[in-house]
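Student: First, the structure itself, so that you have it in front of you.
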Amino acid sequence: MGRAFLSDRFQLTKKTGAEQFMYLLHLIQRLHQHLAVAGAPRILFIMSKQIFEPAQLGPLTLLNRLVMAPMTRSRALGNVPNELMAEYYRQRASAGLLISEGTSPAPNGLGYARIPGLFNQEQVENWRRVTEGVHHLGGHIFVQLMHAGRVGHGLNLPADAELVAPSAIASAGQMWTDQQQMQDHPVPRALRADELATVRDEFVQSAKLALEAGFDGVELHAANGYLLEQFLHPSANQRTDEYGGSVRNRARFVLETAAAVVAAIGAERVGIRLSPWGLGAGQDMAHHAEIDETYAYLAEELQKLGLVYLHLVDHSSMGAPAVPAGTVAAVREKFTNTLILSGGYESVEQIEKALAGAADLVAIGRPFISNPDLVERLKNGVALAPYDPATFYAPGPDGFAQGYTDYPNALETPATTTLA
Ligand SMILES: Cc1cc2nc3c(=O)[nH]c(=O)nc-3n(C[C@H](O)[C@H](O)[C@H](O)COP(=O)(O)O)c2cc1C
């Protein structure tokens, strides 16, 4: 040990500042390992944790490797963002990257009650209040573009909109409407081949508006059973044209949309979310023989397009089947830009393990709802506050802020932040 340290000290003198720093970390880790072997109590070296180190995402330098996962919170009355939402995102701006709640690129995609859109100027102006607040605090934010497709209800849509999908197959189960509470999903209208370019263009226009609104980029929502995943999955896509049938045909709409958005705003501003082995919002997307082939193909093609990140969801913490390690490994092998893993991460140890493996960044959902200062809590080993599912998508008796912006920081100070 002593000789090793002498030679280490000698080597330090020959290195640059950055190399010396990394070398010191290495020495500390070796000492840590030595003590662990010798039976000494474990020592926590916060310094050596990747999680709190800055990370590069295309042109952006993120404050840390924690991402706030996209979460629909249904507070956007009239499908327009508001001051309460701006406050909510500001409170959580210490995440390395925030991904907004699912936001529709078109009136037809607004399937859920009170979700925001990003297709008109009023929405742009109000989203700008959100992005300015996050940037003011040193954070970064992507908007998740979510077209709900068949997962919706006419009562949740504006008057001139309609439910559309790859095929006229209803999603299983029911959904909430403010007017008539729970309702069956209606049968959507199958998009005609000549309409697909229009839907693709809605994503493109929305991505351009996202930059106008000050977002750092967009995440295409191709997970959880919404429109883009409806194209990927044979249970929702039974088209007989070049957008249905084989793995390549089913992937075509997603890849064409990704390519068009990349051409419009640049690959370094475009990420995508995928949920292999998920069952979709209606829990009716049964597993099939070509899942791994589909996602390996997508990963390869998305890498060719140069997307800045691929965000994989594993919803086993919410009762869905786990994503097999082999699927993650195959995606990781084909997609060499930033890989975000998400689902069920709650502790520094779990996150570090993911970062030591396939993940470049780790996204966290529900704990961010009840812990606006999640990064600080994890850094300081402070216990996480529990979240209340009753106010995930609906106001409490005290209004829309309840269960939304009224969770305090750990230091008992209100999480409220105002722009200077
Ligand atoms: C209230 C709520 C809303 C959600 N909304 C979205 C959404 O809009 N888009 C999306 O991709 N995932 C959505 N999700 C899934 C989360 O992004 C995340 O994958 C999930 O909560 C599992 O991660 P966790 O265990 O860290 O919470 C939502 C989850 C919750 C709890």
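Ligands are numbered from 1 in the order shown, chains are lettered A, B, ... in the order of the structure tokens, and residues start at 1 in each chain.
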Could I get the residue neighbourhood of ligand 1 at 6 Å, counting only C-alpha atoms and all ligand atoms, as a VMD selection string?
Tutor: chain A and resid 69 to 73 101 to 102 313 315 317 342 to 345 364 to 366 392
Student: Just write the chosen residues, N, CA and C atoms, as a tab-separated table (two decimals), in the first residue's frame.
Tutor:
chain	number	residue	atom	x	y	z
A	69	ALA	N	-38.46	13.45	-15.23
A	69	ALA	CA	-39.21	12.73	-16.27
A	69	ALA	C	-40.46	13.52	-16.64
A	70	PRO	N	-40.93	13.35	-17.87
A	70	PRO	CA	-42.15	14.05	-18.29
A	70	PRO	C	-43.35	13.56	-17.49
A	71	MET	N	-44.14	14.49	-16.95
A	71	MET	CA	-45.33	14.08	-16.18
A	71	MET	C	-46.51	15.00	-16.43
A	72	THR	N	-47.54	14.41	-16.99
A	72	THR	CA	-48.81	15.11	-17.19
A	72	THR	C	-49.39	15.49	-15.84
A	73	ARG	N	-49.74	16.77	-15.66
A	73	ARG	CA	-50.29	17.20	-14.38
A	73	ARG	C	-51.65	17.87	-14.52
A	101	GLU	N	-44.27	18.05	-19.16
A	101	GLU	CA	-45.40	17.15	-19.30
A	101	GLU	C	-45.72	16.96	-20.78
A	102	GLY	N	-46.39	15.86	-21.12
A	102	GLY	CA	-46.79	15.60	-22.50
A	102	GLY	C	-47.59	16.79	-23.03
A	313	VAL	N	-37.98	3.93	-21.15
A	313	VAL	CA	-38.84	3.83	-19.97
A	313	VAL	C	-38.97	2.38	-19.53
A	315	HIS	N	-41.46	0.65	-16.83
A	315	HIS	CA	-42.53	0.94	-15.88
A	315	HIS	C	-42.81	-0.21	-14.92
A	317	SER	N	-41.84	-0.41	-12.01
A	317	SER	CA	-42.14	0.15	-10.68
A	317	SER	C	-43.61	0.56	-10.59
A	342	SER	N	-35.08	5.42	-17.20
A	342	SER	CA	-36.03	5.92	-16.21
A	342	SER	C	-36.95	4.82	-15.72
A	343	GLY	N	-37.53	5.08	-14.56
A	343	GLY	CA	-38.50	4.16	-13.97
A	343	GLY	C	-38.02	3.56	-12.67
A	344	GLY	N	-38.55	4.03	-11.54
A	344	GLY	CA	-38.28	3.39	-10.25
A	344	GLY	C	-36.99	3.81	-9.56
A	345	TYR	N	-36.34	4.88	-10.03
A	345	TYR	CA	-35.10	5.32	-9.37
A	345	TYR	C	-35.43	6.25	-8.21
A	364	ILE	N	-36.15	10.79	-13.31
A	364	ILE	CA	-36.95	10.44	-12.14
A	364	ILE	C	-38.30	11.13	-12.27
A	365	GLY	N	-39.36	10.37	-11.99
A	365	GLY	CA	-40.70	10.91	-12.12
A	365	GLY	C	-41.31	11.27	-10.78
A	366	ARG	N	-42.07	10.33	-10.20
A	366	ARG	CA	-42.90	10.64	-9.03
A	366	ARG	C	-42.15	11.32	-7.87
A	392	PHE	N	-52.30	13.88	-8.57
A	392	PHE	CA	-51.43	13.81	-9.76
A	392	PHE	C	-52.06	14.58	-10.92
Student: Could I get the residues of range 238-292 of chain A with an atom no further than 10 Å from an atom of range 151-163 of chain A, each paired with its nearest atom pair and that distance in Å to one decimal, using only C-alpha atoms, sorted by chain and residue number, as a Markdown table?
Tutor:
| residue | atom | partner | partner_atom | distance |
| --- | --- | --- | --- | --- |
| A:Gly280 | CA | A:Val151 | CA | 9.5 |
| A:Ala281 | CA | A:Val151 | CA | 7.3 |
| A:Gly282 | CA | A:Val151 | CA | 7.7 |
Student: Please save C-alpha atoms of the selected residues as a PDB file, in the first residue's frame.
Tutor:
ATOM      1  CA  GLY A 280     -49.446   1.167 -23.406  1.00  0.00           C
ATOM      2  CA  ALA A 281     -51.863   3.546 -21.703  1.00  0.00           C
ATOM      3  CA  GLY A 282     -54.781   1.105 -22.193  1.00  0.00           C
TER       4      GLY A 282
END
Student: Excluding Glu346 in chain A and its own-chain neighbours fewer than 4 positions away, which residues fall within 12 Å of it when counting only C-alpha atoms? Please give them as a PyMOL selection string.
Tutor: chain A and resi 66+317+342+350-354+362-368+371+374-375+377-378+381-386
Student: Keeping C-alpha atoms, export the residues of the selection given above as a PDB file, in the first residue's frame.
Tutor:
ATOM      1  CA  LEU A  66     -30.615  13.891 -13.005  1.00  0.00           C
ATOM      2  CA  SER A 317     -42.136   0.150 -10.684  1.00  0.00           C
ATOM      3  CA  SER A 342     -36.029   5.922 -16.213  1.00  0.00           C
ATOM      4  CA  GLN A 350     -29.605   2.925  -7.706  1.00  0.00           C
ATOM      5  CA  ILE A 351     -28.803   5.926  -9.864  1.00  0.00           C
ATOM      6  CA  GLU A 352     -25.050   5.439  -9.556  1.00  0.00           C
ATOM      7  CA  LYS A 353     -25.453   1.817 -10.573  1.00  0.00           C
ATOM      8  CA  ALA A 354     -27.372   2.858 -13.695  1.00  0.00           C
ATOM      9  CA  VAL A 362     -31.235   9.020 -15.200  1.00  0.00           C
ATOM     10  CA  ALA A 363     -34.783  10.390 -15.249  1.00  0.00           C
ATOM     11  CA  ILE A 364     -36.950  10.441 -12.144  1.00  0.00           C
ATOM     12  CA  GLY A 365     -40.703  10.913 -12.117  1.00  0.00           C
ATOM     13  CA  ARG A 366     -42.899  10.637  -9.031  1.00  0.00           C
ATOM     14  CA  PRO A 367     -40.250  11.599  -6.431  1.00  0.00           C
ATOM     15  CA  PHE A 368     -39.894  14.956  -8.238  1.00  0.00           C
ATOM     16  CA  ASN A 371     -39.621  16.776  -3.660  1.00  0.00           C
ATOM     17  CA  LEU A 374     -34.862  16.368  -5.041  1.00  0.00           C
ATOM     18  CA  VAL A 375     -31.291  17.022  -6.165  1.00  0.00           C
ATOM     19  CA  ARG A 377     -32.078  15.923  -0.873  1.00  0.00           C
ATOM     20  CA  LEU A 378     -30.196  13.169  -2.689  1.00  0.00           C
ATOM     21  CA  GLY A 381     -29.031  12.133   2.201  1.00  0.00           C
ATOM     22  CA  VAL A 382     -32.307  13.796   3.265  1.00  0.00           C
ATOM     23  CA  ALA A 383     -35.351  11.486   3.311  1.00  0.00           C
ATOM     24  CA  LEU A 384     -37.752  11.869   0.399  1.00  0.00           C
ATOM     25  CA  ALA A 385     -41.290  13.137   1.029  1.00  0.00           C
ATOM     26  CA  PRO A 386     -44.121  10.842  -0.134  1.00  0.00           C
TER      27      PRO A 386
END
Student: In Å to one decimal, how far is CA of Asp314 in chain A from CA of Gly245 in chain A?
Tutor: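 Answer for the CA of Gly245 in chain A to CA of Asp314 in chain A separation: 25.8 Å.
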Student: I'd like to know which of A:Tyr407, A:Phe119, A:Tyr297, A:Tyr89 is closest to His135 in chain A, using only C-alpha atoms.
Tutor: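 Between A:Tyr407, A:Phe119, A:Tyr297, A:Tyr89, the residue approaching His135 in chain A most closely is A:Tyr89.
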Student: Nearest residue to Gly149 in chain A out of A:Pro188, A:Gly96, A:Gly58, A:Gly403, using only C-alpha atoms?
Tutor: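 Among the listed residues, A:Pro188 lies closest to Gly149 in chain A.
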Student: Identify, on the basis of only C-alpha atoms, every residue whose closest approach to Glu293 in chain A does not exceed 10 Å; exclude the query and any residue fewer than 3 positions from it along the same chain; express the result as a ChimeraX atom specification.
Tutor: /A:247-248,289-290,296-299,327,330
Student: Can you check which residues of range 222-340 of chain A DSSP gives as alpha helix (DSSP H) on the backbone and send them as a PyMOL selection string?
Tutor: chain A and resi 227-232+247-265+291-305+325-334
Student: For C-alpha atoms, I'd like the residues from the last selection saved as a PDB file, in the first residue's frame.
Tutor:
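again-v6.pdb, written as the output of this step:
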ATOM      1  CA  LEU A 227     -49.788   8.035 -31.421  1.00  0.00           C
ATOM      2  CA  LEU A 228     -46.170   7.326 -32.330  1.00  0.00           C
ATOM      3  CA  GLU A 229     -46.138   4.034 -30.431  1.00  0.00           C
ATOM      4  CA  GLN A 230     -49.523   3.180 -31.947  1.00  0.00           C
ATOM      5  CA  PHE A 231     -47.704   3.069 -35.295  1.00  0.00           C
ATOM      6  CA  LEU A 232     -44.972   0.830 -33.839  1.00  0.00           C
ATOM      7  CA  VAL A 247     -41.016  -4.025 -38.459  1.00  0.00           C
ATOM      8  CA  ARG A 248     -39.614  -1.497 -40.926  1.00  0.00           C
ATOM      9  CA  ASN A 249     -43.040  -0.403 -42.102  1.00  0.00           C
ATOM     10  CA  ARG A 250     -44.333   0.077 -38.564  1.00  0.00           C
ATOM     11  CA  ALA A 251     -41.222   2.074 -37.650  1.00  0.00           C
ATOM     12  CA  ARG A 252     -41.514   4.250 -40.765  1.00  0.00           C
ATOM     13  CA  PHE A 253     -43.805   6.957 -39.366  1.00  0.00           C
ATOM     14  CA  VAL A 254     -41.713   7.400 -36.219  1.00  0.00           C
ATOM     15  CA  LEU A 255     -38.485   7.614 -38.196  1.00  0.00           C
ATOM     16  CA  GLU A 256     -39.919   9.948 -40.833  1.00  0.00           C
ATOM     17  CA  THR A 257     -41.256  12.211 -38.098  1.00  0.00           C
ATOM     18  CA  ALA A 258     -37.927  12.177 -36.254  1.00  0.00           C
ATOM     19  CA  ALA A 259     -36.070  12.933 -39.506  1.00  0.00           C
ATOM     20  CA  ALA A 260     -38.410  15.821 -40.353  1.00  0.00           C
ATOM     21  CA  VAL A 261     -38.069  17.365 -36.880  1.00  0.00           C
ATOM     22  CA  VAL A 262     -34.285  16.944 -37.005  1.00  0.00           C
ATOM     23  CA  ALA A 263     -34.197  18.674 -40.397  1.00  0.00           C
ATOM     24  CA  ALA A 264     -36.230  21.558 -38.955  1.00  0.00           C
ATOM     25  CA  ILE A 265     -34.481  22.262 -35.642  1.00  0.00           C
ATOM     26  CA  ILE A 291     -40.298  -6.267 -29.939  1.00  0.00           C
ATOM     27  CA  ASP A 292     -36.527  -6.553 -29.647  1.00  0.00           C
ATOM     28  CA  GLU A 293     -36.069  -6.428 -33.399  1.00  0.00           C
ATOM     29  CA  THR A 294     -38.214  -3.280 -33.547  1.00  0.00           C
ATOM     30  CA  TYR A 295     -36.257  -1.440 -30.876  1.00  0.00           C
ATOM     31  CA  ALA A 296     -32.820  -2.487 -32.100  1.00  0.00           C
ATOM     32  CA  TYR A 297     -33.795  -1.236 -35.562  1.00  0.00           C
ATOM     33  CA  LEU A 298     -35.142   2.025 -34.144  1.00  0.00           C
ATOM     34  CA  ALA A 299     -32.026   2.582 -32.046  1.00  0.00           C
ATOM     35  CA  GLU A 300     -29.804   2.064 -35.071  1.00  0.00           C
ATOM     36  CA  GLU A 301     -31.819   4.382 -37.311  1.00  0.00           C
ATOM     37  CA  LEU A 302     -32.225   7.064 -34.637  1.00  0.00           C
ATOM     38  CA  GLN A 303     -28.464   7.040 -34.154  1.00  0.00           C
ATOM     39  CA  LYS A 304     -28.036   7.559 -37.899  1.00  0.00           C
ATOM     40  CA  LEU A 305     -30.307  10.595 -37.607  1.00  0.00           C
ATOM     41  CA  ALA A 325     -31.500  -6.275 -19.659  1.00  0.00           C
ATOM     42  CA  GLY A 326     -30.818  -7.655 -23.147  1.00  0.00           C
ATOM     43  CA  THR A 327     -33.174  -5.083 -24.712  1.00  0.00           C
ATOM     44  CA  VAL A 328     -31.408  -2.223 -22.953  1.00  0.00           C
ATOM     45  CA  ALA A 329     -28.022  -3.635 -23.956  1.00  0.00           C
ATOM     46  CA  ALA A 330     -29.074  -3.925 -27.609  1.00  0.00           C
ATOM     47  CA  VAL A 331     -30.350  -0.337 -27.661  1.00  0.00           C
ATOM     48  CA  ARG A 332     -27.194   0.859 -25.908  1.00  0.00           C
ATOM     49  CA  GLU A 333     -25.032  -0.885 -28.456  1.00  0.00           C
ATOM     50  CA  LYS A 334     -26.808   0.693 -31.437  1.00  0.00           C
TER      51      LYS A 334
END
Student: Give me the range 81-176 of chain A side of the contact with range 190-194 of chain A, cut-off 6 Å, one line per residue showing its nearest atom pair and distance in Å at one decimal, counting only C-alpha atoms, sorted by chain and residue number, as CSV.
Tutor:
residue,atom,partner,partner_atom,distance
A:Val164,CA,A:Ala190,CA,5.8
A:Ala165,CA,A:Ala190,CA,5.2
A:Pro166,CA,A:Ala190,CA,5.2
A:Ser167,CA,A:Ala190,CA,4.4
A:Ala168,CA,A:Ala190,CA,4.8
Student: Which one of A:His185, A:Arg65, A:Arg128, A:Lys379 sits closest to Glu83 in chain A if you count only C-alpha atoms?
Tutor: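 Ranking A:His185, A:Arg65, A:Arg128, A:Lys379 by distance to Glu83 in chain A, first place goes to A:Arg128.
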Student: Please identify all polymer residues within 10 Å of Arg273 in chain A, counting only C-alpha atoms, omitting same-chain residues fewer than 2 positions from it, and present them as an mmCIF file with C-alpha atoms, in the first residue's frame.
Tutor:
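The resulting file, selection-v3.cif, is reproduced below:
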data_model
loop_
_atom_site.group_PDB
_atom_site.id
_atom_site.type_symbol
_atom_site.label_atom_id
_atom_site.label_comp_id
_atom_site.auth_asym_id
_atom_site.auth_seq_id
_atom_site.Cartn_x
_atom_site.Cartn_y
_atom_site.Cartn_z
ATOM 1 C CA PRO A 70 -42.148 14.054 -18.286
ATOM 2 C CA GLN A 144 -42.288 16.481 -24.640
ATOM 3 C CA LEU A 145 -44.360 16.432 -27.821
ATOM 4 C CA GLU A 219 -38.634 15.004 -26.834
ATOM 5 C CA LEU A 220 -40.782 13.005 -29.266
ATOM 6 C CA HIS A 221 -43.123 10.843 -27.212
ATOM 7 C CA ALA A 222 -42.994 7.451 -28.920
ATOM 8 C CA ALA A 223 -43.724 5.544 -25.690
ATOM 9 C CA ASN A 224 -46.611 4.558 -23.421
ATOM 10 C CA GLU A 229 -46.138 4.034 -30.431
ATOM 11 C CA GLY A 271 -34.623 13.428 -28.196
ATOM 12 C CA SER A 275 -41.045 2.039 -23.967
ATOM 13 C CA PRO A 276 -40.180 -1.426 -25.252
ATOM 14 C CA TYR A 309 -30.783 11.393 -26.738
ATOM 15 C CA LEU A 310 -32.859 8.258 -26.502
ATOM 16 C CA HIS A 311 -34.943 7.939 -23.351
ATOM 17 C CA LEU A 312 -35.957 4.414 -22.361
ATOM 18 C CA VAL A 313 -38.844 3.831 -19.966
ATOM 19 C CA ILE A 340 -31.501 8.201 -20.495
ATOM 20 C CA LEU A 341 -32.933 5.404 -18.346
#
Student: Please provide the set of residues having any atom within 8 Å of Met85 in chain A, restricted to only C-alpha atoms, with same-chain residues fewer than 5 positions apart removed, written as a tab-separated table (two decimals) with N, CA and C atoms, in the first residue's frame.
Tutor:
chain	number	residue	atom	x	y	z
A	75	ARG	N	-53.00	20.69	-15.34
A	75	ARG	CA	-53.31	22.02	-14.75
A	75	ARG	C	-53.44	23.08	-15.84
A	76	ALA	N	-53.36	22.67	-17.11
A	76	ALA	CA	-53.35	23.67	-18.20
A	76	ALA	C	-54.78	23.92	-18.68
A	130	VAL	N	-42.54	29.81	-18.78
A	130	VAL	CA	-41.98	28.61	-18.14
A	130	VAL	C	-40.49	28.51	-18.42
Student: Contacts of Glu202 in chain A at 12 Å or less, counting only C-alpha atoms, minus same-chain residues fewer than 6 places along, as a VMD selection string?
Tutor: chain A and resid 104 to 109 117 to 120 145 to 147 195 to 196 208 to 209 257 260 to 261 264
Student: Mind giving me the straight-line distance from CA of Gly399 in chain A to CA of Gly214 in chain A in Å, one decimal?
Tutor: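 Between these atoms lies a distance of 28.6 Å.
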Student: From the list A:His233, A:Arg189, A:Arg114, A:His288, which residue is nearest Ser74 in chain A when using only C-alpha atoms?
Tutor: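 Using only C-alpha atoms, Ser74 in chain A sits closest to A:Arg114.
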Student: Going by DSSP on the backbone, which residues of range 142-266 of chain A come out as strand (DSSP E)? List them as a ChimeraX atom specification.
Tutor: /A:142-145,164-165,174-177,181-184,189-190,217-222
Student: Since we have the selection now, will you write its residues out, keeping C-alpha atoms, as an mmCIF file, in the first residue's frame?
Tutor:
data_model
loop_
_atom_site.group_PDB
_atom_site.id
_atom_site.type_symbol
_atom_site.label_atom_id
_atom_site.label_comp_id
_atom_site.auth_asym_id
_atom_site.auth_seq_id
_atom_site.Cartn_x
_atom_site.Cartn_y
_atom_site.Cartn_z
ATOM 1 C CA PHE A 142 -37.136 20.126 -23.289
ATOM 2 C CA VAL A 143 -40.815 19.940 -24.183
ATOM 3 C CA GLN A 144 -42.288 16.481 -24.640
ATOM 4 C CA LEU A 145 -44.360 16.432 -27.821
ATOM 5 C CA VAL A 164 -57.158 9.809 -35.118
ATOM 6 C CA ALA A 165 -54.857 6.771 -35.114
ATOM 7 C CA GLN A 174 -61.742 4.189 -20.008
ATOM 8 C CA MET A 175 -60.522 7.717 -19.503
ATOM 9 C CA TRP A 176 -61.452 10.794 -17.489
ATOM 10 C CA THR A 177 -63.493 13.614 -18.969
ATOM 11 C CA GLN A 181 -66.249 11.576 -15.702
ATOM 12 C CA MET A 182 -65.002 8.116 -16.837
ATOM 13 C CA GLN A 183 -65.838 7.211 -20.432
ATOM 14 C CA ASP A 184 -64.910 4.368 -22.785
ATOM 15 C CA ARG A 189 -60.653 7.398 -37.284
ATOM 16 C CA ALA A 190 -57.825 5.718 -39.203
ATOM 17 C CA GLY A 217 -35.184 21.027 -27.409
ATOM 18 C CA VAL A 218 -38.051 18.593 -27.906
ATOM 19 C CA GLU A 219 -38.634 15.004 -26.834
ATOM 20 C CA LEU A 220 -40.782 13.005 -29.266
ATOM 21 C CA HIS A 221 -43.123 10.843 -27.212
ATOM 22 C CA ALA A 222 -42.994 7.451 -28.920
#
Student: Just give me the gap between CA of Ala356 in chain A and CA of Pro324 in chain A in Å, one decimal is fine.
Tutor: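 Value for the CA of Ala356 in chain A-CA of Pro324 in chain A distance: 17.7 Å.
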Student: Just checking: using only C-alpha atoms, which residue out of A:Pro186, A:Gly278, A:Gly133, A:Gly396 ends up closest to Tyr88 in chain A?
Tutor: A:Gly133
